[in-house]
Every structure is written in structure tokens, then in C-alpha cells.
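Colleague: I'm passing along final.cif; it holds mmCIF, C-alpha atoms, pLDDT in the B column; chains and numbers go by the auth columns.
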```
data_run
#
loop_
_atom_site.group_PDB
_atom_site.id
_atom_site.type_symbol
_atom_site.label_atom_id
_atom_site.label_comp_id
_atom_site.label_asym_id
_atom_site.label_seq_id
_atom_site.Cartn_x
_atom_site.Cartn_y
_atom_site.Cartn_z
_atom_site.B_iso_or_equiv
_atom_site.auth_seq_id
_atom_site.auth_asym_id
ATOM 1 C CA MET A 1 16.663 20.124 -10.129 46.00 1 A
ATOM 2 C CA ALA A 2 16.393 18.512 -6.712 56.00 2 A
ATOM 3 C CA ALA A 3 17.839 15.076 -6.211 56.00 3 A
ATOM 4 C CA SER A 4 15.246 12.322 -5.978 58.00 4 A
ATOM 5 C CA PRO A 5 14.333 11.036 -2.522 65.00 5 A
ATOM 6 C CA GLN A 6 15.955 7.724 -1.692 56.00 6 A
ATOM 7 C CA GLN A 7 14.239 4.482 -2.539 51.00 7 A
ATOM 8 C CA GLY A 8 13.039 2.826 0.679 45.00 8 A
ATOM 9 C CA GLN A 9 15.831 0.537 1.812 42.00 9 A
ATOM 10 C CA GLY A 10 15.665 0.836 5.589 39.00 10 A
ATOM 11 C CA GLN A 11 16.574 -2.299 7.476 37.00 11 A
ATOM 12 C CA GLY A 12 13.749 -4.043 9.265 39.00 12 A
ATOM 13 C CA TRP A 13 10.941 -2.332 7.364 38.00 13 A
ATOM 14 C CA PRO A 14 7.855 -4.548 7.466 44.00 14 A
ATOM 15 C CA ALA A 15 6.039 -4.927 4.146 47.00 15 A
ATOM 16 C CA PRO A 16 4.157 -3.458 2.541 62.00 16 A
ATOM 17 C CA ASN A 17 2.808 -0.148 3.905 83.00 17 A
ATOM 18 C CA ARG A 18 5.758 1.332 5.777 88.00 18 A
ATOM 19 C CA VAL A 19 6.939 4.464 4.007 94.00 19 A
ATOM 20 C CA LYS A 20 9.064 7.570 4.293 95.00 20 A
ATOM 21 C CA VAL A 21 7.492 10.969 3.657 96.00 21 A
ATOM 22 C CA TYR A 22 9.492 13.667 1.877 96.00 22 A
ATOM 23 C CA LYS A 23 8.618 17.282 1.146 95.00 23 A
ATOM 24 C CA LEU A 24 10.485 19.589 -1.200 93.00 24 A
ATOM 25 C CA SER A 25 12.046 22.543 0.603 88.00 25 A
ATOM 26 C CA ASP A 26 11.407 25.924 -1.034 82.00 26 A
ATOM 27 C CA GLU A 27 14.563 27.328 0.525 83.00 27 A
ATOM 28 C CA SER A 28 17.116 24.664 -0.391 84.00 28 A
ATOM 29 C CA GLY A 29 15.344 22.941 -3.269 88.00 29 A
ATOM 30 C CA GLN A 30 16.177 19.627 -1.592 92.00 30 A
ATOM 31 C CA TRP A 31 13.932 16.827 -0.392 94.00 31 A
ATOM 32 C CA THR A 32 13.402 16.911 3.379 94.00 32 A
ATOM 33 C CA ASP A 33 12.694 13.698 5.291 95.00 33 A
ATOM 34 C CA LYS A 34 9.511 14.228 7.324 95.00 34 A
ATOM 35 C CA GLY A 35 9.468 10.845 9.003 95.00 35 A
ATOM 36 C CA THR A 36 8.615 7.177 8.671 94.00 36 A
ATOM 37 C CA GLY A 37 5.123 5.815 9.087 93.00 37 A
ATOM 38 C CA PHE A 38 2.341 3.646 7.768 92.00 38 A
ATOM 39 C CA ILE A 39 0.294 4.675 4.749 92.00 39 A
ATOM 40 C CA ASN A 40 -3.305 4.013 3.868 89.00 40 A
ATOM 41 C CA VAL A 41 -5.832 5.331 1.351 88.00 41 A
ATOM 42 C CA GLU A 42 -9.011 5.879 3.350 87.00 42 A
ATOM 43 C CA TYR A 43 -11.965 8.121 4.106 85.00 43 A
ATOM 44 C CA MET A 44 -10.911 11.214 6.054 85.00 44 A
ATOM 45 C CA GLU A 45 -13.814 12.502 8.126 84.00 45 A
ATOM 46 C CA GLN A 46 -12.350 15.965 8.703 82.00 46 A
ATOM 47 C CA SER A 47 -12.308 16.778 4.981 78.00 47 A
ATOM 48 C CA ASP A 48 -15.235 14.467 4.104 80.00 48 A
ATOM 49 C CA SER A 49 -13.173 12.918 1.340 83.00 49 A
ATOM 50 C CA MET A 50 -10.960 10.003 0.414 86.00 50 A
ATOM 51 C CA GLY A 51 -7.298 10.711 0.957 89.00 51 A
ATOM 52 C CA ILE A 52 -3.788 9.503 1.645 93.00 52 A
ATOM 53 C CA LEU A 53 -3.015 9.222 5.340 92.00 53 A
ATOM 54 C CA VAL A 54 0.429 8.504 6.801 94.00 54 A
ATOM 55 C CA VAL A 55 0.676 7.957 10.563 92.00 55 A
ATOM 56 C CA ALA A 56 4.067 7.956 12.298 92.00 56 A
ATOM 57 C CA GLU A 57 5.337 4.513 13.254 89.00 57 A
ATOM 58 C CA ASP A 58 6.365 5.520 16.782 85.00 58 A
ATOM 59 C CA SER A 59 3.352 7.676 17.703 85.00 59 A
ATOM 60 C CA ASP A 60 -0.123 8.687 16.563 82.00 60 A
ATOM 61 C CA LYS A 61 1.260 11.785 14.850 91.00 61 A
ATOM 62 C CA ILE A 62 -0.088 12.323 11.338 93.00 62 A
ATOM 63 C CA LEU A 63 2.828 12.855 8.972 95.00 63 A
ATOM 64 C CA LEU A 64 0.617 13.461 5.953 94.00 64 A
ATOM 65 C CA ALA A 65 -3.102 13.901 5.312 93.00 65 A
ATOM 66 C CA HIS A 66 -3.728 14.517 1.620 93.00 66 A
ATOM 67 C CA LYS A 67 -7.157 14.911 0.035 90.00 67 A
ATOM 68 C CA ILE A 68 -7.276 13.143 -3.338 89.00 68 A
ATOM 69 C CA GLN A 69 -8.625 15.501 -5.994 85.00 69 A
ATOM 70 C CA HIS A 70 -9.487 14.965 -9.637 81.00 70 A
ATOM 71 C CA ASN A 71 -6.877 17.403 -10.974 82.00 71 A
ATOM 72 C CA ASP A 72 -3.896 16.256 -8.906 85.00 72 A
ATOM 73 C CA GLN A 73 -1.041 14.981 -11.062 89.00 73 A
ATOM 74 C CA TYR A 74 0.473 11.917 -9.413 93.00 74 A
ATOM 75 C CA SER A 75 3.649 10.423 -10.808 94.00 75 A
ATOM 76 C CA ARG A 76 5.315 7.047 -10.561 92.00 76 A
ATOM 77 C CA SER A 77 7.877 5.750 -13.021 80.00 77 A
ATOM 78 C CA GLU A 78 7.706 2.097 -14.042 76.00 78 A
ATOM 79 C CA GLU A 79 8.678 -0.289 -11.218 75.00 79 A
ATOM 80 C CA SER A 80 9.505 2.685 -8.977 84.00 80 A
ATOM 81 C CA THR A 81 8.826 2.588 -5.240 92.00 81 A
ATOM 82 C CA ILE A 82 8.234 6.355 -5.090 95.00 82 A
ATOM 83 C CA ILE A 83 4.995 8.258 -5.710 96.00 83 A
ATOM 84 C CA THR A 84 5.232 12.044 -6.107 96.00 84 A
ATOM 85 C CA TRP A 85 2.825 14.923 -6.653 94.00 85 A
ATOM 86 C CA ASN A 86 2.439 18.647 -6.119 92.00 86 A
ATOM 87 C CA ASP A 87 0.259 19.158 -3.060 90.00 87 A
ATOM 88 C CA SER A 88 -1.683 22.393 -3.568 85.00 88 A
ATOM 89 C CA ALA A 89 -2.803 22.475 0.078 84.00 89 A
ATOM 90 C CA LEU A 90 0.816 22.350 1.269 86.00 90 A
ATOM 91 C CA GLY A 91 2.153 24.440 -1.595 88.00 91 A
ATOM 92 C CA THR A 92 5.007 22.041 -2.287 91.00 92 A
ATOM 93 C CA ASP A 93 5.966 18.743 -3.888 94.00 93 A
ATOM 94 C CA VAL A 94 5.501 15.586 -1.823 96.00 94 A
ATOM 95 C CA ALA A 95 7.119 12.174 -2.252 96.00 95 A
ATOM 96 C CA ILE A 96 6.229 8.871 -0.623 96.00 96 A
ATOM 97 C CA SER A 97 8.987 6.254 -0.664 95.00 97 A
ATOM 98 C CA PHE A 98 8.026 2.607 -0.151 93.00 98 A
ATOM 99 C CA GLN A 99 10.345 -0.203 0.831 84.00 99 A
ATOM 100 C CA GLU A 100 8.725 -2.671 -1.535 83.00 100 A
ATOM 101 C CA SER A 101 7.302 -2.267 -5.011 84.00 101 A
ATOM 102 C CA ALA A 102 4.309 -4.435 -4.026 81.00 102 A
ATOM 103 C CA GLY A 103 3.195 -1.900 -1.428 86.00 103 A
ATOM 104 C CA CYS A 104 3.736 0.977 -3.838 90.00 104 A
ATOM 105 C CA GLU A 105 1.750 -0.799 -6.554 87.00 105 A
ATOM 106 C CA HIS A 106 -1.105 -1.458 -4.121 85.00 106 A
ATOM 107 C CA ILE A 107 -1.412 2.190 -3.037 90.00 107 A
ATOM 108 C CA TRP A 108 -0.915 3.385 -6.632 91.00 108 A
ATOM 109 C CA ARG A 109 -3.888 1.291 -7.797 88.00 109 A
ATOM 110 C CA GLN A 110 -6.072 2.574 -4.961 88.00 110 A
ATOM 111 C CA LEU A 111 -5.016 6.169 -5.609 90.00 111 A
ATOM 112 C CA ASN A 112 -5.977 5.928 -9.273 87.00 112 A
ATOM 113 C CA GLU A 113 -9.232 4.184 -8.417 86.00 113 A
ATOM 114 C CA VAL A 114 -10.286 6.981 -6.056 87.00 114 A
ATOM 115 C CA GLN A 115 -9.241 9.694 -8.502 87.00 115 A
ATOM 116 C CA LYS A 116 -11.352 8.149 -11.275 83.00 116 A
ATOM 117 C CA GLU A 117 -14.339 8.028 -8.932 81.00 117 A
ATOM 118 C CA VAL A 118 -13.820 11.688 -7.991 78.00 118 A
ATOM 119 C CA GLU A 119 -13.696 12.582 -11.702 76.00 119 A
ATOM 120 C CA ARG A 120 -16.979 10.736 -12.262 73.00 120 A
ATOM 121 C CA ARG A 121 -18.665 12.796 -9.572 67.00 121 A
ATOM 122 C CA MET A 122 -17.205 16.022 -10.966 64.00 122 A
ATOM 123 C CA ARG A 123 -18.881 15.180 -14.290 65.00 123 A
ATOM 124 C CA GLY A 124 -22.235 14.707 -12.603 57.00 124 A
ATOM 125 C CA HIS A 125 -22.221 10.914 -12.521 52.00 125 A
ATOM 126 C CA GLU A 126 -23.119 8.977 -9.418 54.00 126 A
ATOM 127 C CA GLY A 127 -20.172 7.839 -7.385 52.00 127 A
ATOM 128 C CA VAL A 128 -19.103 7.003 -3.856 51.00 128 A
ATOM 129 C CA VAL A 129 -16.066 8.727 -2.346 53.00 129 A
ATOM 130 C CA GLY A 130 -17.191 8.670 1.281 54.00 130 A
ATOM 131 C CA PRO A 131 -16.923 6.081 4.058 54.00 131 A
ATOM 132 C CA GLU A 132 -18.900 3.584 1.935 55.00 132 A
ATOM 133 C CA PHE A 133 -16.252 3.566 -0.794 59.00 133 A
ATOM 134 C CA GLN A 134 -15.018 0.057 -1.535 57.00 134 A
ATOM 135 C CA PHE A 135 -11.856 -0.660 -3.464 60.00 135 A
ATOM 136 C CA ALA A 136 -11.846 -3.294 -6.150 56.00 136 A
ATOM 137 C CA ASP A 137 -9.051 -5.078 -4.282 57.00 137 A
ATOM 138 C CA ASP A 138 -11.136 -5.206 -1.087 57.00 138 A
ATOM 139 C CA LYS A 139 -13.050 -8.072 -2.645 60.00 139 A
ATOM 140 C CA PRO A 140 -12.361 -11.538 -1.198 64.00 140 A
ATOM 141 C CA ILE A 141 -9.231 -13.212 -2.529 68.00 141 A
ATOM 142 C CA ASP A 142 -9.597 -16.784 -3.725 69.00 142 A
ATOM 143 C CA LEU A 143 -6.368 -18.481 -2.686 74.00 143 A
ATOM 144 C CA PRO A 144 -5.449 -21.818 -4.245 74.00 144 A
ATOM 145 C CA LEU A 145 -4.448 -24.648 -1.925 77.00 145 A
ATOM 146 C CA PRO A 146 -0.778 -24.247 -0.950 78.00 146 A
ATOM 147 C CA ASP A 147 1.851 -26.502 -2.471 78.00 147 A
ATOM 148 C CA MET A 148 5.579 -26.345 -3.149 80.00 148 A
ATOM 149 C CA SER A 149 5.085 -24.716 -6.537 78.00 149 A
ATOM 150 C CA ASN A 150 2.987 -21.738 -5.424 75.00 150 A
ATOM 151 C CA LEU A 151 4.304 -20.825 -1.955 76.00 151 A
ATOM 152 C CA GLU A 152 6.215 -17.768 -3.152 78.00 152 A
ATOM 153 C CA GLU A 153 3.229 -16.390 -5.059 78.00 153 A
ATOM 154 C CA LEU A 154 0.871 -17.072 -2.131 77.00 154 A
ATOM 155 C CA ALA A 155 3.210 -15.191 0.223 77.00 155 A
ATOM 156 C CA LYS A 156 3.181 -12.151 -2.086 73.00 156 A
ATOM 157 C CA VAL A 157 -0.621 -12.148 -2.362 71.00 157 A
ATOM 158 C CA ILE A 158 -1.117 -12.467 1.399 72.00 158 A
ATOM 159 C CA ASN A 159 1.433 -9.733 2.156 67.00 159 A
ATOM 160 C CA VAL A 160 -0.331 -7.156 -0.019 61.00 160 A
ATOM 161 C CA ALA A 161 -3.879 -8.065 1.028 61.00 161 A
ATOM 162 C CA ASN A 162 -5.666 -4.887 2.087 53.00 162 A
ATOM 163 C CA ASN A 163 -7.367 -6.434 5.122 53.00 163 A
ATOM 164 C CA ARG A 164 -8.086 -9.738 6.836 57.00 164 A
ATOM 165 C CA GLU A 165 -11.608 -9.899 5.422 58.00 165 A
ATOM 166 C CA GLN A 166 -10.123 -10.400 1.955 65.00 166 A
ATOM 167 C CA LEU A 167 -8.385 -13.587 3.054 71.00 167 A
ATOM 168 C CA GLY A 168 -11.061 -14.915 5.399 67.00 168 A
ATOM 169 C CA PRO A 169 -13.166 -16.934 2.922 70.00 169 A
ATOM 170 C CA ALA A 170 -10.111 -18.721 1.514 69.00 170 A
ATOM 171 C CA LEU A 171 -8.457 -19.425 4.866 73.00 171 A
ATOM 172 C CA MET A 172 -11.718 -20.721 6.327 76.00 172 A
ATOM 173 C CA LYS A 173 -11.906 -23.525 3.788 78.00 173 A
ATOM 174 C CA PRO A 174 -11.654 -26.765 5.814 82.00 174 A
ATOM 175 C CA GLU A 175 -8.701 -28.067 3.819 83.00 175 A
ATOM 176 C CA TRP A 176 -6.583 -24.877 3.569 78.00 176 A
ATOM 177 C CA ILE A 177 -4.898 -24.668 7.005 82.00 177 A
ATOM 178 C CA PRO A 178 -4.329 -28.461 7.321 85.00 178 A
ATOM 179 C CA LYS A 179 -2.742 -28.409 3.864 82.00 179 A
ATOM 180 C CA LEU A 180 -0.399 -25.595 4.936 81.00 180 A
ATOM 181 C CA ILE A 181 0.567 -27.488 8.107 85.00 181 A
ATOM 182 C CA ASP A 182 1.352 -30.619 6.081 85.00 182 A
ATOM 183 C CA LEU A 183 3.408 -28.521 3.685 81.00 183 A
ATOM 184 C CA PHE A 184 5.312 -26.979 6.581 83.00 184 A
ATOM 185 C CA LYS A 185 6.220 -30.448 7.856 83.00 185 A
ATOM 186 C CA GLN A 186 7.383 -31.465 4.382 81.00 186 A
ATOM 187 C CA CYS A 187 9.594 -28.386 4.123 78.00 187 A
ATOM 188 C CA GLU A 188 11.125 -29.142 7.518 81.00 188 A
ATOM 189 C CA ASP A 189 11.807 -32.754 6.546 76.00 189 A
ATOM 190 C CA LEU A 190 13.454 -31.592 3.317 75.00 190 A
ATOM 191 C CA ASP A 191 15.354 -28.741 5.023 76.00 191 A
ATOM 192 C CA SER A 192 13.862 -26.454 2.385 72.00 192 A
ATOM 193 C CA GLU A 193 14.765 -23.047 3.826 72.00 193 A
ATOM 194 C CA ALA A 194 13.438 -21.008 0.896 68.00 194 A
ATOM 195 C CA GLU A 195 9.947 -22.499 1.161 62.00 195 A
ATOM 196 C CA LEU A 196 9.955 -22.189 4.967 59.00 196 A
ATOM 197 C CA LYS A 197 10.669 -18.463 4.622 64.00 197 A
ATOM 198 C CA HIS A 198 7.632 -18.080 2.371 57.00 198 A
ATOM 199 C CA ILE A 199 5.427 -19.838 4.941 60.00 199 A
ATOM 200 C CA PHE A 200 6.582 -17.467 7.680 51.00 200 A
#
```
As C-alpha cells, what does this structure read like?

Modeller:
Amino acid sequence: MAASPQQGQGQGWPAPNRVKVYKLSDESGQWTDKGTGFINVEYMEQSDSMGILVVAEDSDKILLAHKIQHNDQYSRSEESTIITWNDSALGTDVAISFQESAGCEHIWRQLNEVQKEVERRMRGHEGVVGPEFQFADDKPIDLPLPDMSNLEELAKVINVANNREQLGPALMKPEWIPKLIDLFKQCEDLDSEAELKHIF
């Protein structure tokens, strides 16, 4: 049995969508590192389907373009930062290794959401798996006003937000940004390094 690809632990990896792509070599039976890039679950025009797309971090090269199908068997052990599956188009096993569990959890939820929608369409039900597809977590996020007790949780929510539009309604509240600025000043006055890190 091939050794598992390494959990993402590269220094300087920005959260949450920076990943390493691995493919299982037929010749050696070992996982081969195919590069580091940024992952997204999105509509792929070329295949007219929703899929997993990984673009190299240092170029526009596509490291992986995988069409999500109803019968694909995706695997992720509890709290793991690695998602694996057998890619029938490539004829081999593929593994995506995330630096952070939050990013892995986010993509895992989207992957399952798309697969369920594909299954619905296969059974003759109406469903959207084209460019109009909207993830449940694309809906606006209602952020509470920041204070000392919730800074860490707010930082986690903001880091895994799928796009800026999710945060817009909350951040546009008249009191939200001024409250954060006041909190920043308080943290500076108290030399509270942990809270300052969450703000940044």
C-alpha cells in the first residue's frame, strides 16, 4: 500500500485554499507531488459541469481539472486535511493536501453539495450544476460586532468565507468597522498580542 501524501505543512502557506496535488504513480505505487496551487470548486465551461480546479501558485498552469460526478467516491477521514478519490478520467488516484483543516472542510462541504445536486439530476429531478449554481455557504454571513471574546472565532469565519460578497452586508453595517478600530486600539493599549494577531 502506498504511503499517504504528507499533510500540508509548508511554511508561509496562506489559508485556506492553498493545496498540494498528488497523483498515485502506477509504476512505483508512490504518491507523486504534482505541484502547489489554489483550489476552487466552480463551473468549468470546457466540460459544462461543476468541478475541482487547482491552478498553480506561480503561473496560470492548471494542475488539476476534475469533473465532479455522481458515482465518484471521495474520501476524507475525520479532521484530516487530505481529500482523495479515484479519478476515472486520469485513470489513477488523486489526493489534495490542504494546509489547514478549515480550508479542507470548506471544499469538502462544497464537493458533497455539488455531488448531491448531480445525483438529483441523474434521478430526473430539477437541479442546477451550471454557472448559476450557488453554494449554501455563498449566502451572506451575519457577523456579530467584534469584541475581545469573539475575535478568534470572527477571524476563522472571515478566513474561510468563499467570497467578499458573503461578508459585505455585515462589514457595511455603520457600527462594524468603527467597533473593530476601537477594539484594535484597546488591544494595543493592553499589549494583547494574541488578539492583535486575530485582527490582522

Colleague: For a quick check of understanding, using all atoms listed in the file, which of A:Leu90, A:Lys156, A:Gly37, A:Ser192 has the smallest distance to Asp58 in chain A?

Modeller: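 Selected residue with least distance to Asp58 in chain A: A:Gly37.
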
Colleague: Which is closer to Val21 in chain A than all the others in A:Val157, A:Phe98, A:Leu190, A:Thr81, using only C-alpha atoms?

Modeller: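 Ranking A:Val157, A:Phe98, A:Leu190, A:Thr81 by distance to Val21 in chain A, first place goes to A:Phe98.
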
Colleague: Name the residues that the PyMOL selection byres ((chain A and resi 41) around 8) picks from the file above, as a PyMOL selection string, using the file's chain letters and numbers.

Modeller: chain A and resi 39-40+42-43+50-53+107+110-111

Colleague: Between CA of Val114 in chain A and CA of Met44 in chain A, what is the distance in Å, rounded to a tenth?

Modeller: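 These two atoms are separated by 12.8 Å.
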
Colleague: I need the residue set behind the PyMOL selection byres ((chain A and resi 179) around 12) for this file; please write it as a list in words.

Modeller: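 With the PyMOL selection byres ((chain A and resi 179) around 12) on this model, the match is Pro144, Leu145, Pro146, Asp147, Met148, Leu151, Leu171, Lys173, Pro174, Glu175, Trp176, Ile177, Pro178, Leu180, Ile181, Asp182, Leu183, Phe184, Lys185, Gln186 and Ile199 of chain A.
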
Colleague: Please compute the CA of Val55 in chain A-CA of Glu153 in chain A distance, one decimal, in Å.

Modeller: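 Separating CA of Val55 in chain A from CA of Glu153 in chain A is a distance of 29.0 Å.
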
Colleague: What gap, in Å, lies between CA of Ser77 in chain A and CA of Leu63 in chain A?

Modeller: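 So the answer is 23.7 Å.
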
Colleague: Once the PyMOL selection byres ((chain A and resi 78-80) around 9) is applied to the coordinates I shared, what remains selected? I want it as a PyMOL selection string.

Modeller: chain A and resi 7+76-77+81-83+98+101+104-105
